[in-house]
Structure formats: structure tokens, C-alpha cells
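Working notes, beginning with the structure itself.
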Amino acid sequence: LMVEPSVQAGIMIHLVFMIESYHKKEKGHHFPNLAEFQHRYRLEIDLVKTSLIVIERDHQIQISDDDVAFITQAFIENKIESSFKSHTKN
């Protein structure tokens with residue numbers, strides 16, 4: 001998923017605060033309708049989870065499904081629509 005650079009920066013800032021909250025053992029936020037969101041955006045969530053593995057390893061944290069959903073939602077809501085379309089001759 002591609003997003004504008006300013007959105008990328010916002011997501012990075014969110015990640016920094018999220019990591020800090022894990023280290024402080026602060027209570028996380030609840031993602032509303034998590035199961036429904038996970039079902040609907042299964043592929044996107046898997047992509048985000050895979051991308052977060054390095055952060056989890058480097059910071060020795062386990063990112064919750066709720067936080068993965070919030071990050072995924074940020075990408076989905078701010079994605080850049082591709083102008084590339086395949087054209088076929090009829």
C-alpha cells in the first residue's frame with residue numbers, strides 16, 4: 001500500500017509512541033469490531049504484520065492485534081490509488 005510521505009511520517013510517529021507505550025507497559029487501545037476488520041482486510045493485515053516483525057524483534061515487544069489493525073487502517077484510509085490500468089485490445 002502506498003501512502004503520501006506526510007502520512008508515512010504520521011504512521012512512523014505513531015509507531016514510535018506505540019513502541020514507547022509497550023516499554024512502559026501502558027494499557028493499549030481497543031480496536032472496535034476487530035474480528036470483522038481482520039476478516040475484511042486479511043491480506044493488508046498480513047502485510048502489516050510481516051512488516052512489523054523487525055520492530056518486534058529489535059524492541060523485544062509483541063504488537064497486539066488491535067495495534068496492527070490501527071496501523072493497517074491508517075494505510076487503508078490514506079492509500080494512494082494507482083493510476084496504472086491495464087489496457088487490452090478487443
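In the C-alpha cells, chains take the letters A, B, ... in the order shown, each chain's residues start at 1, and ligands count up from 1 in the order shown.
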
With DSSP run on the backbone, what are the alpha helix (DSSP H) residues within chain A? I'd like them as a VMD selection string. chain A and resid 5 to 23 34 to 40 42 to 59 65 to 77

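What separates atom CA of Ile61 of chain A from atom CA of Gln38 of chain A is a distance of 21.0 Å.
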
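Distances to Lys79 of chain A were evaluated for A:Glu36, A:Glu44, A:His30, A:Phe17 using only C-alpha atoms, and the minimum falls at A:Glu44.
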
Excluding segment 9-13 of chain A and residues on its chain fewer than 4 positions from it, collect all residues at most 9 Å away from it, counting only C-alpha atoms, and give them as number ranges by chain. A: 4-5, 17-18, 71, 74-75

Need to verify the contact set: His14 of chain A, 12 Å, only C-alpha atoms, exclusion of same-chain residues closer than 5 positions in sequence. Can you return it as JSON, numbers by chain? {"A": [7, 8, 9, 19, 20, 21, 67, 68, 70, 71, 74]}

Env of Ala69 of chain A: 9 Å cut, atoms = only C-alpha atoms, seq-sep filter 5 positions within chain, self excluded. Answer as an MDAnalysis selection string. chainID A and resid 31 34 37:38 45 48 64 74

Rounded to one decimal in Å, what is the spacing between atom CA of Leu43 of chain A and atom CA of Ser6 of chain A? 23.9 Å

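Across A:Leu47, A:Glu77, A:Asp66, A:Ile53, the tightest approach to Lys27 of chain A is made by A:Asp66 when counting only C-alpha atoms.
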
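The space separating atom CA of Lys25 of chain A from atom CA of Glu56 of chain A comes to 14.5 Å.
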